[in-house]
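Colleague: The structure's right below; bear with me while I get my questions together.
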Amino acid sequence: MKLAVCAQNEGLEAPVDQRFGRCPYFVILDSESGELLKSVPNGGVSAAGGAGPQGARQLSQEGVEAVALGHVGPNAAAALKAAGIAVYGGVTGTVRDTWQLFSEGKLPTVGEATVDPHHGL
Amino acid sequence: MIIAVASGKGGTGKTTVATNLALVLSWEREIQFLDCDVEEPNAHLFLKPALESAEPVPIPVPQVDLERCTYCGICADVCAFNAIMVGQETVLVFEPLCHGCGGCAYFCPEKAIKEIDRPIGVIERGDAGEISFVHGKLNPGEALSPPLISAVKKTINPAALTIIDASPGASCPVVEAIRGSDYCLLVTEPTPFGLNDLTIAVELLKKLHLPGGVVINRSLGGEGEASIEEYCRREGVPILLKMPWDRELASLYARGEAAVEHLPAWRRLFTGLADRILEEKKEDR
């Protein structure tokens, strides 16, 4: 399946970003092989509001089924749930490092918001 | 005629100017006072109106009928504020993000969206002596004040001289409060912050094609004031009043009293300001 990782830049070596709604890039990779599929700029970065819901919508349009992130706010968490996207926390290091942890089953699943709205703005 | 009182910077004395100006004008004219600083209205503390009615002000937000919805996503595509999200088997509406434009309902091909009212605040009215007083009070936690400001402005009585107290800054709530007025006072203070935010407010007046003039509060002379004077000269914006630094004024303010009702010197200053504004507008008194 397609896994998106919140990142500060493009590609597998990009450092992760702890924010969901305002992270600069979503790096999308194949969750089984760890192969890079695509790096997409997060359209929500410059949104006046609703960055979280916009990010969820964007991932849904890319066919993403799971996302690995640091923190997630209440609107984003609700939107990801509605979009049927599984949420994993605990991103760390680079996108590749995070995938490694994911494939070893070491990323915790996140059911609800971990921070208040506008936390990482 | 509508006179708006705005400022770039907060805490420069907008409400002091607006309320004292309204009082001196009310001795000769029919005056209506609108407090459009709906996030923190405080003019009532000085004018002391007997507030009689409170009308709720709603904005329309979408309600989705999931029986008719085909999850096509057009509503989310047209929403400029990411306030509606179409999921796999559900549609989420983030009400605090919704600006109430109605675009989602208009474009829904299945007519599955109807708009329902969501209250964002109230309008309260009452008489303050000879002044007809109206203010808006935004509900705590609400982000969108312009629809409430617009509702307050719908009460404008064209037969009266209306004074509008705007919020600080130069963003949407200020634009909503001051647009359509005939003259806009900008209250500033002789500090680098005062000057910086004044320049933003002056730019806003230019964009809105509004004539305006400046009031310098806490005037002590000195460097800060010279740079404001220099700026106003360069921009061709008149300085209509310099309010001297006055401990008595501050002490009256702290007690919720209007200076023009107690201090003859301030009565003269504000009568002078009223005359200058009407002169600038070349209106016969």
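Chain labels run A, B, ... following the order of the structure tokens; each chain numbers its residues from 1, and ligands are numbered from 1 in the order shown.
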Chain B near chain A within 6 Å: what's each residue's closest atom pair and its distance in Å to one decimal, counting only C-alpha atoms, ordered by chain then ascending residue number, as JSON lines?
Modeller:
```
{"residue": "B:Asn82", "atom": "CA", "partner": "A:Gly50", "partner_atom": "CA", "distance": 5.0}
{"residue": "B:Gly87", "atom": "CA", "partner": "A:Ala83", "partner_atom": "CA", "distance": 4.2}
{"residue": "B:Gln88", "atom": "CA", "partner": "A:Ala83", "partner_atom": "CA", "distance": 5.5}
```
Colleague: Go ahead and save the picked residues with N, CA and C atoms, as a compact mmCIF listing (two decimals), in the first residue's frame.
Modeller:
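part_29.txt, freshly written:
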```
# COMPACT_ATOMS: atom_id res chain seq x y z
N ASN B 82 -11.27 24.94 3.08
CA ASN B 82 -11.12 23.56 3.56
C ASN B 82 -12.09 23.24 4.69
N GLY B 87 -15.20 12.21 2.84
CA GLY B 87 -14.46 10.98 3.15
C GLY B 87 -15.02 9.82 2.35
N GLN B 88 -14.72 8.61 2.80
CA GLN B 88 -15.16 7.44 2.04
C GLN B 88 -16.66 7.20 2.20
```
Colleague: As a list in words, please: the residues near Leu208 in chain B (cut-off 10 Å, only C-alpha atoms, same-chain neighbours under 5 positions excluded).
Modeller: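 After dropping sequence-adjacent residues, the list is Val175, Ile178, Arg179, Gly180, Ser181, Val202 and Glu203 of chain B.
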Colleague: Give me the residues near range 11-26 of chain B as an NGL selection string, where near means some atom within 7 Å (using only C-alpha atoms) and where sequence neighbours in that chain fewer than 2 positions away do not count.
Modeller: :B and (5-7 or 9 or 28-31 or 43 or 46-47 or 130-131 or 163 or 165 or 187-189 or 217 or 258-260 or 270-271 or 274)
Colleague: Write out, as a PDB file, in the first residue's frame, the residues just selected, with C-alpha atoms.
Modeller:
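What follows is the written file selection36.pdb:
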```
ATOM      1  CA  VAL B   5     -12.018  55.388  13.924  1.00  0.00           C
ATOM      2  CA  ALA B   6      -9.242  52.871  13.286  1.00  0.00           C
ATOM      3  CA  SER B   7      -5.573  52.378  14.103  1.00  0.00           C
ATOM      4  CA  LYS B   9      -1.532  49.407  16.381  1.00  0.00           C
ATOM      5  CA  GLU B  28     -25.302  69.408  18.502  1.00  0.00           C
ATOM      6  CA  ARG B  29     -26.286  66.524  16.273  1.00  0.00           C
ATOM      7  CA  GLU B  30     -28.068  63.205  16.117  1.00  0.00           C
ATOM      8  CA  ILE B  31     -25.329  60.640  16.727  1.00  0.00           C
ATOM      9  CA  ALA B  43     -17.051  51.541  24.119  1.00  0.00           C
ATOM     10  CA  PHE B  46     -17.535  54.824  28.565  1.00  0.00           C
ATOM     11  CA  LEU B  47     -20.863  55.661  26.897  1.00  0.00           C
ATOM     12  CA  GLU B 130     -28.618  61.275  23.246  1.00  0.00           C
ATOM     13  CA  ILE B 131     -26.481  58.721  21.448  1.00  0.00           C
ATOM     14  CA  ILE B 163     -19.257  56.967  14.477  1.00  0.00           C
ATOM     15  CA  ASP B 165     -15.106  52.159  16.401  1.00  0.00           C
ATOM     16  CA  VAL B 187      -5.146  56.961  15.985  1.00  0.00           C
ATOM     17  CA  THR B 188      -1.448  56.396  16.612  1.00  0.00           C
ATOM     18  CA  GLU B 189       1.213  56.936  19.239  1.00  0.00           C
ATOM     19  CA  ASN B 217      -2.109  60.182  21.262  1.00  0.00           C
ATOM     20  CA  ALA B 258     -15.156  60.216  29.228  1.00  0.00           C
ATOM     21  CA  ALA B 259     -12.700  63.115  29.382  1.00  0.00           C
ATOM     22  CA  VAL B 260     -14.974  65.592  27.564  1.00  0.00           C
ATOM     23  CA  PHE B 270     -12.362  67.196  20.814  1.00  0.00           C
ATOM     24  CA  THR B 271     -14.661  69.989  19.633  1.00  0.00           C
ATOM     25  CA  ALA B 274     -14.879  67.424  15.241  1.00  0.00           C
TER      26      ALA B 274
END
```
Colleague: By how many Å are CA of Ile149 in chain B and CA of Leu198 in chain B apart?
Modeller: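 Value for the CA of Ile149 in chain B-CA of Leu198 in chain B distance: 22.2 Å.
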Colleague: Could you tell me, as a PyMOL selection string, which residues of range 63-94 of chain A DSSP assigns to alpha helix (DSSP H) when given the backbone?
Modeller: chain A and resi 74-82
Colleague: Ranking A:Val16, A:Leu3, A:Cys23, A:Val87 by minimum distance to Lys38 in chain A and counting only C-alpha atoms, which one comes first?
Modeller: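 The shortest atom-to-atom distance to Lys38 in chain A comes from A:Leu3.
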Colleague: Applying 7 Å and only C-alpha atoms, which residues near range 61-70 of chain B remain after dropping the ones on its own chain fewer than 4 positions away? List them as a PDB file with N, CA and C atoms, in the first residue's frame.
Modeller:
```pdb
ATOM      1  N   GLU B  95     -17.117  23.410  11.020  1.00  0.00           N
ATOM      2  CA  GLU B  95     -17.917  24.642  11.088  1.00  0.00           C
ATOM      3  C   GLU B  95     -17.105  25.896  11.392  1.00  0.00           C
ATOM      4  N   CYS B  98     -15.784  27.497   8.260  1.00  0.00           N
ATOM      5  CA  CYS B  98     -16.727  27.897   7.208  1.00  0.00           C
ATOM      6  C   CYS B  98     -16.997  29.393   7.261  1.00  0.00           C
ATOM      7  N   GLY B 100     -19.372  30.740   5.402  1.00  0.00           N
ATOM      8  CA  GLY B 100     -20.784  30.945   5.106  1.00  0.00           C
ATOM      9  C   GLY B 100     -21.071  31.463   3.721  1.00  0.00           C
ATOM     10  N   ALA B 105     -23.323  24.472  -1.236  1.00  0.00           N
ATOM     11  CA  ALA B 105     -24.740  24.182  -1.468  1.00  0.00           C
ATOM     12  C   ALA B 105     -25.121  24.536  -2.907  1.00  0.00           C
ATOM     13  N   GLU B 110     -26.354  17.149  -6.479  1.00  0.00           N
ATOM     14  CA  GLU B 110     -27.451  16.317  -5.962  1.00  0.00           C
ATOM     15  C   GLU B 110     -28.407  17.107  -5.065  1.00  0.00           C
ATOM     16  N   ALA B 112     -27.834  18.013  -2.173  1.00  0.00           N
ATOM     17  CA  ALA B 112     -27.772  17.285  -0.900  1.00  0.00           C
ATOM     18  C   ALA B 112     -27.356  18.189   0.259  1.00  0.00           C
ATOM     19  N   ILE B 113     -27.034  19.452  -0.053  1.00  0.00           N
ATOM     20  CA  ILE B 113     -26.561  20.345   1.009  1.00  0.00           C
ATOM     21  C   ILE B 113     -27.580  21.438   1.255  1.00  0.00           C
ATOM     22  N   LYS B 114     -28.012  21.521   2.511  1.00  0.00           N
ATOM     23  CA  LYS B 114     -28.819  22.690   2.858  1.00  0.00           C
ATOM     24  C   LYS B 114     -28.056  23.492   3.903  1.00  0.00           C
ATOM     25  N   GLU B 115     -28.351  24.787   3.954  1.00  0.00           N
ATOM     26  CA  GLU B 115     -27.616  25.635   4.879  1.00  0.00           C
ATOM     27  C   GLU B 115     -28.422  25.847   6.148  1.00  0.00           C
ATOM     28  N   ILE B 116     -27.741  25.694   7.273  1.00  0.00           N
ATOM     29  CA  ILE B 116     -28.404  25.938   8.552  1.00  0.00           C
ATOM     30  C   ILE B 116     -27.681  27.081   9.265  1.00  0.00           C
ATOM     31  N   ASP B 117     -28.398  27.754  10.118  1.00  0.00           N
ATOM     32  CA  ASP B 117     -27.821  28.896  10.822  1.00  0.00           C
ATOM     33  C   ASP B 117     -26.959  28.451  11.993  1.00  0.00           C
ATOM     34  N   ARG B 118     -25.761  29.032  12.076  1.00  0.00           N
ATOM     35  CA  ARG B 118     -24.911  28.803  13.254  1.00  0.00           C
ATOM     36  C   ARG B 118     -24.634  30.157  13.886  1.00  0.00           C
TER      37      ARG B 118
END
```
Colleague: For Ser227 in chain B, find every residue with an atom within 12 Å (counting only C-alpha atoms), except residues of its own chain fewer than 3 positions away, and show them as a list in words.
Modeller: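 The contact residues come out as Glu189, Pro190, Thr191, Pro192, Phe193, Gly194, Leu195, Asn196, Leu198, Thr199, Ile216, Gly221, Gly222, Glu223, Gly224, Glu230, Tyr231, Cys232, Arg233 and Arg234 of chain B.
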